[in-house]
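K.L.:
Below are the structure tokens for one structure; questions will follow.
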Amino acid sequence: MARADAPGGTDIGNVGRNVLRGPRQTNVDFSIFKRFPLGEAKNVEFRAEFFNLFNHVNFDYPISNLNAVPSTSINSNTGQITGDAGDFGRITATSNNPRLIQFAIKVNF
């Protein structure tokens, strides 16, 4: 259990759950299609769809699991993290796909 009056500011304390915030997420999807008539009641539709149009990388949330901190880095008397914090607070992954493009042809009759 961490002491609330411990100096150094690295003890666990009473911070609420999920307080770590990740970087901003940006995603732009785009689609365009064109219909070509084939007679009065039939047509062919060509469609192009772009997911993550600008290929913007979105980083995942930081690791918020305190189990990622090695036990040798925690002071057993105060509960403070005194050494290497391991992967805690680091961003190690992305949260979206790269740019994806798909084409389709649909016949309506």
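FYI, nothing fancy with the structure tokens labels: chains A, B, ... in order, residues from 1 per chain, ligands from 1 as they appear.
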Which residues are near Phe59 in chain A? Cut-off 8 Å, only C-alpha atoms, ignore same chain within fewer than 5 positions. Put them as a PyMOL selection string.
P.N.:
chain A and resi 22-23+25+91+93-96
K.L.:
What residues in chain A get the DSSP label strand (DSSP E or B)? Please answer as a PyMOL selection string.
P.N.:
chain A and resi 30-38+42-51+59+74+81+94+100-108
K.L.:
So which residues touch Ile105 in chain A within 10 Å, counting only C-alpha atoms, skipping near sequence neighbours fewer than 5 positions away, as a ChimeraX atom specification?
P.N.:
/A:33-35,44-48
K.L.:
CA of Ile63 in chain A to CA of Ile81 in chain A: how many Å, to one decimal?
P.N.:
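Value for the CA of Ile63 in chain A-CA of Ile81 in chain A distance: 15.7 Å.
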K.L.:
My list of candidates is A:Asn108, A:Val57, A:Ser64, A:Arg24. Which is closest to Gly39 in chain A when distances are computed with only C-alpha atoms?
P.N.:
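Smallest distance to Gly39 in chain A is found for A:Asn108.
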K.L.:
Looking at A:Pro37, A:Arg17, A:Glu49, A:Gln80, which one is nearest to Phe109 in chain A, with distances taken over only C-alpha atoms?
P.N.:
A:Pro37
K.L.:
Step one, run DSSP on the backbone; step two, keep only residues of range 17-104 of chain A assigned to helix (DSSP H, G or I); then write them as number ranges by chain.
P.N.:
A: 66-68, 71-73
K.L.:
If you keep C-alpha atoms, can you produce a file of those selected residues as a PDB file, in the first residue's frame?
P.N.:
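Below is the file that was written, again.pdb:
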```pdb
ATOM      1  CA  LEU A  66       1.041  -1.548 -13.240  1.00  0.00           C
ATOM      2  CA  ASN A  67       2.054  -5.189 -13.611  1.00  0.00           C
ATOM      3  CA  ALA A  68       4.306  -3.965 -16.458  1.00  0.00           C
ATOM      4  CA  SER A  71       8.896  -5.754  -8.989  1.00  0.00           C
ATOM      5  CA  THR A  72      12.567  -4.860  -8.427  1.00  0.00           C
ATOM      6  CA  SER A  73      11.737  -1.227  -9.278  1.00  0.00           C
TER       7      SER A  73
END
```
K.L.:
Excluding same-chain residues fewer than 5 positions from range 26-28 of chain A, what lies within 8 Å of it counting only C-alpha atoms, as a count of residues only?
P.N.:
6
